[in-house]
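Shown here: final-v7.txt, compact mmCIF, C-alpha atoms and all ligand atoms.
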```txt
# COMPACT_ATOMS: atom_id res chain seq x y z
CA MET A 270 91.08 84.40 112.93
CA ASP A 271 92.04 86.29 109.74
CA SER A 272 95.43 85.65 108.16
CA ILE A 273 97.12 88.89 109.28
CA THR A 274 96.03 88.48 112.91
CA ALA A 275 97.24 84.89 112.71
CA LEU A 276 100.59 86.07 111.39
CA LEU A 277 100.95 88.60 114.23
CA SER A 278 99.85 86.08 116.86
CA GLY A 279 102.30 83.52 115.54
CA ALA A 280 105.09 86.12 115.57
CA ILE A 281 104.58 86.99 119.23
CA GLU A 282 104.43 83.34 120.27
CA GLU A 283 107.85 82.87 118.66
CA VAL A 284 109.41 85.49 120.96
CA ARG A 285 107.35 84.86 124.12
CA PRO A 286 109.95 82.46 125.58
CA LEU A 287 112.65 85.17 125.51
CA SER A 288 113.13 86.08 129.15
CA GLY A 289 116.27 88.22 129.06
CA GLY A 290 116.51 91.86 130.09
CA ALA A 291 114.68 93.89 132.72
CA PRO A 292 112.16 96.74 132.72
CA ALA A 293 113.60 100.25 133.09
CA SER A 294 113.89 101.19 136.74
CA TYR A 295 115.65 104.56 136.68
CA ILE A 296 112.22 106.21 136.80
CA PRO A 297 110.43 104.54 139.75
CA GLU A 298 106.99 104.50 138.05
CA LEU A 299 108.40 102.65 135.02
CA ALA A 300 109.55 99.73 137.15
CA ASP A 301 105.97 99.22 138.26
CA VAL A 302 104.91 97.22 135.20
CA ASP A 303 104.06 93.61 134.39
CA PRO A 304 107.26 92.41 132.63
CA GLU A 305 105.32 89.68 130.83
CA HIS A 306 103.24 92.05 128.70
CA LEU A 307 103.67 91.33 125.00
CA ALA A 308 101.81 92.90 122.07
CA LEU A 309 102.18 93.53 118.36
CA ALA A 310 100.16 95.68 115.92
CA ALA A 311 100.33 96.70 112.27
CA VAL A 312 98.49 99.22 110.08
CA GLY A 313 98.51 99.03 106.30
CA PRO A 314 97.44 101.43 103.53
CA ARG A 315 93.73 100.91 104.05
CA GLY A 316 93.94 101.93 107.69
CA ARG A 317 92.74 98.79 109.38
CA VAL A 318 94.56 98.15 112.66
CA TRP A 319 95.64 94.53 113.16
CA SER A 320 96.90 93.46 116.57
CA ALA A 321 97.65 90.55 118.85
CA GLY A 322 98.56 89.97 122.49
CA ASP A 323 98.16 92.68 125.15
CA ASP A 324 97.05 95.21 122.59
CA ASP A 325 94.87 97.28 124.92
CA VAL A 326 97.50 97.77 127.63
CA GLU A 327 98.57 101.41 127.90
CA PHE A 328 102.17 102.38 128.59
CA THR A 329 104.04 105.65 128.29
CA ILE A 330 105.40 106.64 124.92
CA GLN A 331 108.80 107.79 126.29
CA SER A 332 111.42 108.23 123.57
CA MET A 333 108.98 107.17 120.88
CA SER A 334 107.55 110.70 121.21
CA LYS A 335 110.81 112.13 119.89
CA PRO A 336 110.25 111.60 116.13
CA PHE A 337 106.78 113.11 116.35
CA VAL A 338 107.85 116.18 118.32
CA LEU A 339 110.63 116.54 115.76
CA ALA A 340 107.87 116.53 113.13
CA LEU A 341 106.15 119.36 115.01
CA ALA A 342 109.37 121.39 115.23
CA LEU A 343 109.84 120.88 111.47
CA VAL A 344 106.28 122.03 110.82
CA GLU A 345 106.75 125.11 113.01
CA HIS A 346 110.27 126.12 111.92
CA GLY A 347 111.42 124.21 108.80
CA LEU A 348 114.42 121.91 108.44
CA ASP A 349 117.20 124.51 108.37
CA ALA A 350 116.12 126.24 111.58
CA VAL A 351 115.81 122.89 113.37
CA MET A 352 119.18 121.70 112.08
CA ALA A 353 120.77 124.89 113.39
CA LYS A 354 119.93 123.62 116.90
CA VAL A 355 120.32 119.86 116.57
CA GLY A 356 122.30 117.58 114.22
CA ALA A 357 121.41 114.43 112.29
CA GLU A 358 124.40 112.25 113.12
CA PRO A 359 124.15 108.97 115.00
CA SER A 360 125.94 109.46 118.29
CA GLY A 361 126.71 105.79 118.98
CA GLU A 362 126.11 106.66 122.61
CA PRO A 363 123.37 105.87 125.11
CA PHE A 364 120.15 107.90 125.13
CA ASN A 365 121.14 110.08 128.08
CA ALA A 366 124.72 110.81 126.92
CA ILE A 367 126.12 114.32 126.98
CA SER A 368 126.69 114.18 123.26
CA LEU A 369 127.21 117.79 122.20
CA GLU A 370 129.22 119.12 119.26
CA ALA A 371 132.49 120.69 120.38
CA GLY A 372 132.31 124.46 120.18
CA THR A 373 128.60 124.85 119.36
CA GLY A 374 127.02 122.58 121.97
CA ARG A 375 124.63 121.26 119.29
CA PRO A 376 123.34 117.78 120.26
CA ALA A 377 124.20 114.99 117.82
CA ASN A 378 120.61 114.20 116.85
CA PRO A 379 116.98 114.64 117.98
CA MET A 380 116.58 111.01 119.09
CA ILE A 381 118.89 111.22 122.11
CA ASN A 382 117.70 113.12 125.16
CA ALA A 383 119.87 116.21 124.65
CA GLY A 384 118.63 116.57 121.07
CA ALA A 385 115.04 115.83 122.01
CA ILE A 386 115.08 118.48 124.74
CA ALA A 387 116.47 120.94 122.19
CA THR A 388 113.70 119.95 119.75
CA THR A 389 110.96 120.26 122.36
CA SER A 390 112.31 123.67 123.37
CA LEU A 391 111.54 124.88 119.83
CA ILE A 392 107.79 124.23 120.14
CA GLY A 393 105.85 127.47 120.49
CA GLY A 394 103.87 128.46 123.60
CA ASP A 395 104.52 130.57 126.70
CA THR A 396 103.66 127.94 129.28
CA ILE A 397 104.30 124.25 129.82
CA GLU A 398 100.56 123.65 129.29
CA ALA A 399 100.47 125.57 126.00
CA ARG A 400 103.51 123.72 124.65
CA THR A 401 102.23 120.36 125.81
CA ALA A 402 98.83 121.06 124.24
CA ARG A 403 100.45 121.55 120.82
CA ILE A 404 102.47 118.40 121.25
CA ILE A 405 99.45 116.37 122.33
CA ASP A 406 97.43 117.76 119.47
CA LEU A 407 99.91 116.64 116.81
CA LEU A 408 100.72 113.28 118.40
CA SER A 409 96.98 112.59 118.70
CA GLY A 410 96.69 113.30 114.98
CA PHE A 411 99.34 110.68 114.32
CA ALA A 412 97.65 108.19 116.66
CA GLY A 413 94.12 108.88 115.47
CA ARG A 414 92.76 109.37 118.98
CA GLU A 415 93.14 111.90 121.80
CA LEU A 416 96.19 111.01 123.90
CA ARG A 417 96.59 111.95 127.57
CA VAL A 418 99.42 112.31 130.06
CA ASP A 419 99.97 109.73 132.81
CA GLU A 420 100.34 112.19 135.68
CA ALA A 421 102.01 109.67 137.99
CA VAL A 422 104.73 108.88 135.45
CA TYR A 423 105.17 112.59 134.72
CA ALA A 424 105.62 113.33 138.43
CA SER A 425 108.11 110.49 138.69
CA GLU A 426 110.04 111.68 135.61
CA SER A 427 110.17 115.20 136.92
CA ALA A 428 111.20 114.14 140.42
CA THR A 429 114.09 112.05 139.10
CA GLY A 430 114.99 114.08 136.01
CA ASP A 431 118.15 115.77 137.21
CA ARG A 432 120.29 114.44 134.42
CA ASN A 433 117.88 115.75 131.78
CA ARG A 434 117.75 119.07 133.66
CA ALA A 435 121.55 119.18 133.66
CA LEU A 436 121.56 118.52 129.90
CA ALA A 437 119.10 121.37 129.42
CA HIS A 438 121.25 123.76 131.47
CA LEU A 439 124.23 122.85 129.30
CA LEU A 440 122.17 123.43 126.15
CA LYS A 441 121.02 126.76 127.54
CA SER A 442 124.62 127.79 128.26
CA TYR A 443 125.41 127.21 124.56
CA ASP A 444 122.26 129.10 123.46
CA VAL A 445 121.00 125.92 121.82
CA ILE A 446 117.76 126.45 123.71
CA ASP A 447 116.17 129.88 124.00
CA ALA A 448 113.28 128.84 126.25
CA SER A 449 113.77 128.52 130.01
CA VAL A 450 115.17 125.21 131.21
CA ASP A 451 111.96 124.60 133.09
CA LEU A 452 109.73 125.11 130.05
CA ALA A 453 111.88 122.85 127.89
CA VAL A 454 112.37 120.05 130.38
CA GLU A 455 108.89 119.87 131.89
CA SER A 456 107.29 119.88 128.42
CA TYR A 457 109.70 117.09 127.48
CA PHE A 458 108.76 115.05 130.58
CA ARG A 459 105.07 115.51 129.77
CA GLN A 460 105.55 114.40 126.17
CA CYS A 461 107.37 111.27 127.39
CA SER A 462 104.48 110.52 129.78
CA LEU A 463 101.76 110.29 127.13
CA LEU A 464 99.90 106.99 127.29
CA VAL A 465 99.67 104.81 124.18
CA THR A 466 98.90 101.23 123.17
CA VAL A 467 100.65 99.26 120.43
CA ARG A 468 97.66 100.00 118.25
CA ASP A 469 98.26 103.75 118.65
CA LEU A 470 101.95 103.34 117.90
CA ALA A 471 101.23 101.28 114.79
CA ALA A 472 98.92 104.04 113.51
CA MET A 473 101.61 106.64 114.26
CA ALA A 474 104.19 104.55 112.39
CA ALA A 475 101.78 104.05 109.49
CA THR A 476 101.23 107.81 109.23
CA LEU A 477 104.97 108.18 108.68
CA ALA A 478 104.91 105.22 106.26
CA PHE A 479 102.31 106.93 104.07
CA GLY A 480 103.96 110.32 103.78
CA GLY A 481 102.24 111.98 106.75
CA PHE A 482 98.77 110.66 105.82
CA ASN A 483 97.09 108.77 108.64
CA PRO A 484 95.33 105.85 106.91
CA THR A 485 93.12 105.19 109.96
CA THR A 486 91.56 108.67 109.99
CA LYS A 487 92.30 109.66 106.35
CA VAL A 488 93.82 112.93 107.59
CA GLN A 489 97.05 114.43 106.22
CA VAL A 490 98.75 115.09 109.56
CA VAL A 491 102.04 116.56 108.29
CA GLU A 492 103.46 117.21 104.84
CA GLU A 493 105.16 114.40 102.99
CA ARG A 494 108.57 116.08 103.25
CA VAL A 495 108.29 116.32 107.04
CA ALA A 496 107.56 112.59 107.26
CA ARG A 497 110.53 111.86 105.02
CA ASP A 498 112.87 114.00 107.14
CA VAL A 499 111.71 112.31 110.34
CA LEU A 500 112.13 108.82 108.83
CA SER A 501 115.64 109.65 107.66
CA ILE A 502 116.70 110.52 111.19
CA MET A 503 114.92 107.48 112.64
CA ALA A 504 116.78 105.26 110.17
CA SER A 505 120.19 106.37 111.39
CA CYS A 506 119.52 107.29 115.03
CA GLY A 507 116.28 105.68 116.25
CA MET A 508 117.52 102.69 118.23
CA TYR A 509 119.96 104.27 120.69
CA ASP A 510 123.47 102.87 120.37
CA PHE A 511 122.11 99.86 118.44
CA SER A 512 120.94 101.98 115.49
CA GLY A 513 123.62 100.83 113.03
CA GLU A 514 123.17 97.16 113.80
CA TRP A 515 119.38 97.55 113.67
CA LEU A 516 119.61 99.02 110.17
CA LEU A 517 121.90 96.16 109.19
CA ARG A 518 119.66 93.41 110.56
CA VAL A 519 116.16 94.82 110.15
CA GLY A 520 116.50 97.62 107.63
CA LEU A 521 113.57 99.79 108.72
CA PRO A 522 113.41 103.28 110.28
CA ALA A 523 112.36 102.71 113.88
CA LYS A 524 112.19 104.23 117.34
CA SER A 525 112.16 102.53 120.69
CA GLY A 526 111.43 103.81 124.19
CA VAL A 527 112.38 102.74 127.71
CA SER A 528 108.81 101.64 128.45
CA GLY A 529 109.47 98.68 126.12
CA GLY A 530 107.68 99.96 123.04
CA LEU A 531 109.09 99.94 119.54
CA LEU A 532 107.65 101.31 116.30
CA ALA A 533 109.01 100.60 112.83
CA VAL A 534 108.08 101.93 109.42
CA ALA A 535 108.01 100.15 106.07
CA PRO A 536 107.55 103.14 103.73
CA SER A 537 104.46 102.88 101.50
CA GLN A 538 103.65 99.50 103.04
CA PHE A 539 102.83 99.57 106.74
CA GLY A 540 103.57 100.77 110.23
CA VAL A 541 104.26 98.21 112.92
CA ALA A 542 104.62 98.45 116.70
CA ALA A 543 105.56 96.03 119.45
CA PHE A 544 105.55 96.22 123.24
CA SER A 545 107.27 94.18 125.91
CA PRO A 546 108.85 95.89 128.94
CA ARG A 547 112.09 93.96 129.44
CA LEU A 548 114.99 95.93 127.96
CA ASP A 549 118.42 94.90 126.73
CA ARG A 550 121.62 96.75 127.58
CA HIS A 551 120.93 99.38 124.87
CA GLY A 552 117.53 100.19 126.36
CA ASN A 553 115.59 98.42 123.59
CA SER A 554 112.87 95.87 124.36
CA VAL A 555 114.31 92.37 123.96
CA ARG A 556 111.14 90.78 122.62
CA ALA A 557 110.02 93.80 120.56
CA VAL A 558 113.36 93.86 118.74
CA ALA A 559 113.17 90.12 118.11
CA VAL A 560 109.59 90.15 116.85
CA VAL A 561 110.11 93.05 114.42
CA GLU A 562 113.36 91.53 113.20
CA GLY A 563 111.51 88.26 112.56
CA LEU A 564 108.71 90.03 110.68
CA SER A 565 111.15 91.99 108.55
CA ASP A 566 112.85 88.75 107.53
CA GLN A 567 109.67 86.82 106.98
CA LEU A 568 108.01 89.55 104.91
CA GLY A 569 111.14 90.73 103.07
CA MET A 570 110.87 94.26 104.47
CA HIS A 571 114.54 95.29 104.61
CA LEU A 572 114.62 98.58 102.74
CA LEU A 573 117.99 97.93 101.20
CA GLU A 574 117.21 94.63 99.55
CA PRO A 575 116.03 94.78 95.94
CA HIS A 576 112.34 95.65 95.68
CA GLU A 577 111.10 94.98 92.16
CA SER A 578 108.13 97.24 92.35
CA ILE A 579 109.87 100.46 93.37
CA ALA A 580 108.74 103.20 91.00
CA VAL A 581 107.99 100.78 88.17
CA PRO A 582 104.72 101.50 86.38
CA VAL A 583 102.36 98.89 85.04
CA VAL A 584 102.46 99.17 81.24
CA ALA A 585 99.57 97.98 79.04
CA VAL A 586 99.27 98.51 75.28
CA HIS A 587 95.80 98.84 73.70
CA PRO A 588 94.74 99.68 70.16
CA GLY A 589 93.35 103.23 69.86
CA GLU A 590 91.66 105.26 67.12
CA THR A 591 94.82 106.95 65.88
CA GLY A 592 97.31 104.23 66.78
CA PRO A 593 98.42 102.28 69.83
CA VAL A 594 97.74 103.61 73.30
CA VAL A 595 100.37 102.86 75.95
CA ARG A 596 98.64 103.03 79.30
CA LEU A 597 100.75 103.54 82.42
CA SER A 598 99.64 103.18 86.03
CA GLY A 599 101.37 103.11 89.39
CA GLU A 600 104.54 105.06 90.02
CA LEU A 601 106.94 106.18 87.32
CA GLY A 602 110.52 106.53 88.51
CA TYR A 603 113.68 106.94 86.49
CA ALA A 604 114.49 103.23 86.50
CA GLY A 605 110.88 102.41 85.67
CA ALA A 606 111.06 104.70 82.63
CA GLU A 607 113.55 102.27 81.13
CA ARG A 608 110.84 99.61 80.98
CA VAL A 609 108.56 102.04 79.21
CA PHE A 610 111.31 102.77 76.66
CA ALA A 611 111.63 99.06 75.92
CA VAL A 612 107.90 98.83 75.17
CA LEU A 613 108.03 101.96 73.01
CA ARG A 614 111.03 100.76 71.01
CA GLU A 615 109.37 97.45 70.32
CA LEU A 616 106.18 99.20 69.26
CA ALA A 617 108.15 101.53 66.99
CA THR A 618 109.68 98.62 65.05
CA GLY A 619 106.23 97.33 64.10
CA LEU A 620 104.69 100.66 63.06
CA PRO A 621 105.04 102.66 59.83
CA ALA A 622 107.09 105.86 60.33
CA GLY A 623 104.87 108.83 61.12
CA SER A 624 102.36 106.78 63.12
CA THR A 625 101.12 108.27 66.34
CA VAL A 626 101.44 106.63 69.74
CA THR A 627 99.39 107.89 72.66
CA LEU A 628 100.96 107.65 76.09
CA ASP A 629 98.14 107.65 78.61
CA ALA A 630 99.69 108.62 81.96
CA ARG A 631 96.47 109.64 83.67
CA GLU A 632 96.57 106.69 86.03
CA VAL A 633 100.14 107.34 87.11
CA ALA A 634 99.91 108.11 90.83
CA ARG A 635 103.29 109.77 90.90
CA ALA A 636 105.69 110.64 88.10
CA HIS A 637 109.16 111.76 89.08
CA PRO A 638 110.35 114.74 87.00
CA GLY A 639 113.54 112.97 85.91
CA ALA A 640 111.50 110.07 84.53
CA MET A 641 109.17 112.34 82.55
CA ALA A 642 112.14 114.24 81.10
CA ALA A 643 113.78 110.96 80.08
CA LEU A 644 110.57 109.81 78.38
CA GLN A 645 110.34 113.04 76.43
CA THR A 646 113.93 112.62 75.22
CA GLU A 647 113.14 109.05 74.17
CA PHE A 648 110.06 110.18 72.19
CA ASP A 649 112.06 112.85 70.42
CA GLY A 650 114.45 110.15 69.18
CA LEU A 651 111.78 107.85 67.70
CA PRO A 652 110.28 108.31 64.19
CA LEU A 653 106.75 108.47 65.59
CA GLY A 654 104.30 111.10 66.67
CA PHE A 655 103.51 111.11 70.39
CA VAL A 656 100.63 112.43 72.38
CA ILE A 657 100.97 112.40 76.16
CA GLU A 658 97.80 112.43 78.23
CA GLN A 659 98.42 113.39 81.82
N1 LIG B 701 111.79 109.93 129.83
C1 LIG B 701 112.94 109.29 129.40
C2 LIG B 701 114.16 110.13 129.71
O1 LIG B 701 114.39 111.14 129.09
C3 LIG B 701 112.89 108.90 127.95
C4 LIG B 701 113.95 107.94 127.73
C5 LIG B 701 113.74 106.97 126.62
O2 LIG B 701 112.67 106.42 126.37
O3 LIG B 701 114.79 106.74 126.00
O4 LIG B 701 114.89 109.80 130.57
```
Give the structure from the file, written as structure tokens.
Amino acid sequence: MDSITALLSGAIEEVRPLSGGAPASYIPELADVDPEHLALAAVGPRGRVWSAGDDDVEFTIQSMSKPFVLALALVEHGLDAVMAKVGAEPSGEPFNAISLEAGTGRPANPMINAGAIATTSLIGGDTIEARTARIIDLLSGFAGRELRVDEAVYASESATGDRNRALAHLLKSYDVIDASVDLAVESYFRQCSLLVTVRDLAAMAATLAFGGFNPTTKVQVVEERVARDVLSIMASCGMYDFSGEWLLRVGLPAKSGVSGGLLAVAPSQFGVAAFSPRLDRHGNSVRAVAVVEGLSDQLGMHLLEPHESIAVPVVAVHPGETGPVVRLSGELGYAGAERVFAVLRELATGLPAGSTVTLDAREVARAHPGAMAALQTEFDGLPLGFVIEQ
């Protein structure tokens, strides 16, 4: 067994004894599941999918569809038009709460049902089939394989979906949704009924982690800005009324669903997904929460702890024909520019005035404009000639 698979296998064995919680039962089909299922998967920058446990068991995506349908709404309409219909504030309330802004009826965020129904209602198409086809198309791009609807779960969702229908009627009364209630709600039920495995979810999470680029298929599925917007909302609203504590303890944008799945994103590093059907009182999978929390601790993934390598370039100095060449690679952020200044100042003390330094930035994968401007100002203040190669 390779070391990553061993790590994942070890992580699930740690949480296997947890027996608390119960599978969702408010949709009859969801209760019909083996509560012992347990699986974990991760996808890194090179696109290999690592997994352990019941990694080929399919379950419905449920609320974990919400970030990806939000991505589609952002692609189709842009951030401002989407925000006109749905907010970005954690509601602190359960997923099916009637959490609408006083006066406007705008749902608090796209991760609770009211907001998700509003988001789904924005997707183009005259029929439920046409809307669902667009949704399936994009979500399949994130997953890297063609996803399909579990018709039995869909029928069960639709047959018992009166609360969601009521939410949609309320939204319609406030003109938050323009589509018919039927179009909005049935498309929403179908999106929730898409079948996935943890491996699919890990690929979907990884696509968000790498700025909309699916590392398993090498396809840019959505623009980087769309992925960033979706992750921002997942970070504050993705774990129902446990979102604040999740950010505190685990520190990763994430989304859970009532089928017992959970996906979490370590930006620029990997996507991870876990599955175990027993849910806690917030509607999050007991063992999936525990396993991702453990991984975050073990691997130092919390976004808000210091990460040395953030936007710090590798700096190497070589002799060149006309003077020293300072070669940069990696990412150059504003804080990273400070390290480059230190190297330049030291070089300047050892060189006769008027010497020329070449700054070779061709290997810099990403240079933030503020950092480049700061470098230019620094050059202007040194008694040396500078050539920048970009
Ligand atoms: N189909 C579910 C509902 O709207 C999704 C709930 C969830 O996963 O939070 O009731």
Next item on the list: Could I get the residue neighbourhood of ligand LIG 701 (chain B) at 10 Å, counting only C-alpha atoms and all ligand atoms, as an NGL selection string?
Entry: :A and (293 or 295-296 or 299 or 329-335 or 363-365 or 380-383 or 385-386 or 422-423 or 425-427 or 429-434 or 454 or 457-462 or 507-509 or 524-530 or 551-553)
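Each of A:Ala504, A:Ala475, A:Leu277, A:Ala611 was checked against His571 (chain A) using only C-alpha atoms; the smallest atom-to-atom distance is that of A:Ala504.
Going from CA of Val499 (chain A) over to CA of His306 (chain A), you cover 28.6 Å.
Residue nearest Arg497 (chain A) within the list A:Ala453, A:Ile405, A:Ala478, A:Ala387: A:Ala478 [criterion: smallest interatomic distance, only C-alpha atoms].
The shell of residues at most 7 Å from region 591-597 of chain A, with only C-alpha atoms counted and near chain neighbours (fewer than 5 positions) removed, consists of Pro582, Val583, Val584, Ala585, Val586, Ser624, Thr625, Val626, Thr627, Leu628, Asp629, Ala630, Glu632 and Val633 of chain A.
Comparing the minimum interatomic distances between Ala424 (chain A) and each of A:Pro359, A:Pro297, A:Gly374, A:Gly481, counting all atoms listed in the file, we find that A:Pro297 sits nearest.
Among the candidates A:Glu647, A:Glu600, A:Glu305, A:Asp510, the residue lying nearest to Val284 (chain A) is A:Glu305 (atoms considered: all atoms listed in the file).
The neighbours of Phe328 (chain A) here are the residues that come within 8 Å of it, using all atoms listed in the file and leaving out any residue fewer than 3 positions away in the same chain; they are A:Leu464, A:Val465, A:Thr466, A:Ser528.
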Next item on the list: In Å, rounded to a single decimal, give me how far CA of Leu341 (chain A) is from CA of Val418 (chain A).
Entry: 17.9 Å
Checklist line | Proximity to Ala543 (chain A) - best of A:Leu276, A:Ala311, A:Val581, A:Leu348, only C-alpha atoms | finding: A:Ala311
